[in-house]
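Next up, query-v9.cif (mmCIF, C-alpha atoms):
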data_final
#
loop_
_atom_site.group_PDB
_atom_site.id
_atom_site.type_symbol
_atom_site.label_atom_id
_atom_site.label_comp_id
_atom_site.auth_asym_id
_atom_site.auth_seq_id
_atom_site.Cartn_x
_atom_site.Cartn_y
_atom_site.Cartn_z
ATOM 1 C CA MET A 1 90.837 87.727 171.308
ATOM 2 C CA ALA A 2 93.873 89.851 170.488
ATOM 3 C CA THR A 3 95.400 92.108 173.020
ATOM 4 C CA LEU A 4 95.278 95.852 172.654
ATOM 5 C CA GLU A 5 98.963 95.926 171.610
ATOM 6 C CA GLU A 6 98.300 93.301 168.938
ATOM 7 C CA GLN A 7 95.329 95.292 167.630
ATOM 8 C CA ILE A 8 97.470 98.432 167.478
ATOM 9 C CA ALA A 9 100.248 96.535 165.653
ATOM 10 C CA LEU A 10 97.734 95.113 163.178
ATOM 11 C CA ALA A 11 96.236 98.556 162.587
ATOM 12 C CA LYS A 12 99.731 99.988 161.985
ATOM 13 C CA LYS A 13 100.462 97.201 159.483
ATOM 14 C CA LYS A 14 97.214 97.950 157.669
ATOM 15 C CA GLN A 15 97.994 101.669 157.738
ATOM 16 C CA GLU A 16 101.483 101.009 156.299
ATOM 17 C CA ALA A 17 100.019 98.777 153.584
ATOM 18 C CA ILE A 18 97.544 101.517 152.650
ATOM 19 C CA ARG A 19 100.350 104.133 152.574
ATOM 20 C CA GLU A 20 102.477 101.892 150.325
ATOM 21 C CA LYS A 21 99.513 101.307 148.028
ATOM 22 C CA GLN A 22 98.894 105.076 147.830
ATOM 23 C CA GLU A 23 102.564 105.707 146.999
ATOM 24 C CA LYS A 24 102.473 102.995 144.342
ATOM 25 C CA GLU A 25 99.335 104.514 142.804
ATOM 26 C CA ALA A 26 100.884 108.007 142.948
ATOM 27 C CA ARG A 27 103.939 106.706 141.052
ATOM 28 C CA ARG A 28 101.639 105.062 138.497
ATOM 29 C CA ILE A 29 99.713 108.307 138.034
ATOM 30 C CA LYS A 30 102.988 110.194 137.447
ATOM 31 C CA GLN A 31 104.099 107.594 134.905
ATOM 32 C CA LEU A 32 100.780 107.798 133.069
ATOM 33 C CA GLU A 33 100.907 111.602 133.086
ATOM 34 C CA ALA A 34 104.450 111.497 131.676
ATOM 35 C CA ARG A 35 103.343 109.088 128.929
ATOM 36 C CA LEU A 36 100.409 111.337 128.102
ATOM 37 C CA THR A 37 102.682 114.381 127.921
ATOM 38 C CA ASP A 38 105.105 112.480 125.670
ATOM 39 C CA ARG A 39 102.262 111.361 123.408
ATOM 40 C CA LYS A 40 100.856 114.892 123.160
ATOM 41 C CA THR A 41 104.312 116.276 122.393
ATOM 42 C CA LYS A 42 104.841 113.664 119.681
ATOM 43 C CA GLU A 43 101.434 114.382 118.144
ATOM 44 C CA LEU A 44 102.152 118.124 118.172
ATOM 45 C CA ARG A 45 105.537 117.575 116.491
ATOM 46 C CA GLU A 46 103.899 115.412 113.842
ATOM 47 C CA TYR A 47 101.186 118.015 113.261
ATOM 48 C CA ILE A 48 103.750 120.812 112.916
ATOM 49 C CA LYS A 49 105.839 118.723 110.519
ATOM 50 C CA ALA A 50 102.787 117.888 108.401
ATOM 51 C CA SER A 51 101.760 121.553 108.368
ATOM 52 C CA ARG A 52 105.210 122.619 107.211
ATOM 53 C CA THR A 53 105.223 119.921 104.549
ATOM 54 C CA GLU A 54 101.820 121.051 103.272
ATOM 55 C CA ASP A 55 102.915 124.701 103.315
ATOM 56 C CA THR A 56 106.057 123.859 101.351
ATOM 57 C CA ARG A 57 104.021 121.850 98.851
ATOM 58 C CA ARG A 58 101.595 124.773 98.380
ATOM 59 C CA LYS A 59 104.491 127.149 97.778
ATOM 60 C CA ILE A 60 106.046 124.803 95.232
ATOM 61 C CA LEU A 61 102.759 124.415 93.356
ATOM 62 C CA ILE A 62 102.025 128.149 93.331
ATOM 63 C CA GLY A 63 105.595 128.870 92.284
ATOM 64 C CA ALA A 64 105.400 126.368 89.442
ATOM 65 C CA MET A 65 102.132 127.877 88.252
ATOM 66 C CA VAL A 66 103.458 131.449 88.389
ATOM 67 C CA LEU A 67 106.723 130.498 86.655
ATOM 68 C CA GLY A 68 104.742 128.831 83.888
ATOM 69 C CA GLN A 69 102.581 131.914 83.470
ATOM 70 C CA MET A 70 105.669 134.144 83.499
ATOM 71 C CA GLN A 71 107.185 132.132 80.657
ATOM 72 C CA ALA A 72 104.006 132.463 78.622
ATOM 73 C CA ASN A 73 103.351 136.149 79.329
ATOM 74 C CA GLU A 74 106.181 138.697 79.061
ATOM 75 C CA GLU A 75 104.150 141.504 80.664
ATOM 76 C CA LEU A 76 103.420 139.333 83.713
ATOM 77 C CA ASN A 77 107.084 138.285 83.740
ATOM 78 C CA GLN A 78 108.203 141.935 83.952
ATOM 79 C CA ARG A 79 105.642 142.836 86.663
ATOM 80 C CA ILE A 80 106.650 139.912 88.859
ATOM 81 C CA ARG A 81 110.363 140.575 88.343
ATOM 82 C CA GLN A 82 109.795 144.198 89.456
ATOM 83 C CA GLN A 83 108.004 142.949 92.560
ATOM 84 C CA LEU A 84 110.768 140.440 93.234
ATOM 85 C CA ASP A 85 113.366 143.189 92.831
ATOM 86 C CA SER A 86 111.664 145.115 95.647
ATOM 87 C CA TYR A 87 110.918 142.074 97.780
ATOM 88 C CA LEU A 88 114.133 140.057 97.719
ATOM 89 C CA GLN A 89 116.893 141.392 99.953
ATOM 90 C CA ARG A 90 119.430 138.569 100.025
ATOM 91 C CA ASP A 91 121.843 138.379 97.121
ATOM 92 C CA ASP A 92 121.698 134.579 96.935
ATOM 93 C CA GLU A 93 117.910 134.755 96.530
ATOM 94 C CA ARG A 94 118.161 137.569 93.989
ATOM 95 C CA SER A 95 120.604 135.565 91.892
ATOM 96 C CA LEU A 96 117.994 132.814 91.475
ATOM 97 C CA PHE A 97 115.972 135.293 89.412
ATOM 98 C CA GLN A 98 118.975 136.873 87.671
ATOM 99 C CA LEU A 99 118.486 140.078 89.670
ATOM 100 C CA PRO A 100 121.541 142.225 90.437
ATOM 101 C CA PRO A 101 122.887 142.247 93.987
ATOM 102 C CA ILE A 102 121.739 145.056 96.240
ATOM 103 C CA ALA A 103 124.378 147.769 96.424
ATOM 104 C CA LYS A 104 126.061 147.834 99.815
ATOM 105 C CA PRO A 105 126.471 151.249 101.417
ATOM 106 C CA THR A 106 130.076 152.402 101.300
ATOM 107 C CA THR A 107 131.780 153.444 104.500
ATOM 108 C CA THR A 108 134.267 156.272 104.643
#

Please re-express this file's structure in structure tokens.
Amino acid sequence: MATLEEQIALAKKKQEAIREKQEKEARRIKQLEARLTDRKTKELREYIKASRTEDTRRKILIGAMVLGQMQANEELNQRIRQQLDSYLQRDDERSLFQLPPIAKPTTT
């Protein structure tokens, strides 16, 4: 039979082994949580990119349809150009529709 000191030493070894196992499992949990966060971030980025791509595609298709209708219907062409004249503020965008630049206020 082991002495009391030997039993205490054995118990301490077991306690240390348990502590090391807990630390190892805690590190594993942190690694898994980090992987999960990375995966969620990647999925969110992919979703946002797909949403933007779909939105751009919708805008292109609507624009193509409206441009086609504008070419076929002069009245619609004039109405949309009037709306664009009010809506577009940047000169580079206005030039795409052959609209004059917005007059800049003069300073004295």

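CA of Arg81 (chain A) sits 23.3 Å away from CA of Pro105 (chain A).
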
Leaving out Lys104 (chain A) and any residue of its chain fewer than 2 positions from it, which residues lie within 12 Å of it when counting all atoms listed in the file, given as an MDAnalysis selection string?
chainID A and resid 89:91 100:102 106:107

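CA of Gln98 (chain A) is positioned 13.6 Å from CA of Ser86 (chain A).
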
Write out as JSON, numbers by chain the residues lying within 12 Å of Asn77 (chain A), counting all atoms listed in the file and excluding same-chain residues fewer than 6 positions away.
{"A": [66, 67, 68, 69, 70, 71, 83, 84, 97]}

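Separating CA of Gly63 (chain A) from CA of Ile80 (chain A) is a distance of 11.6 Å.
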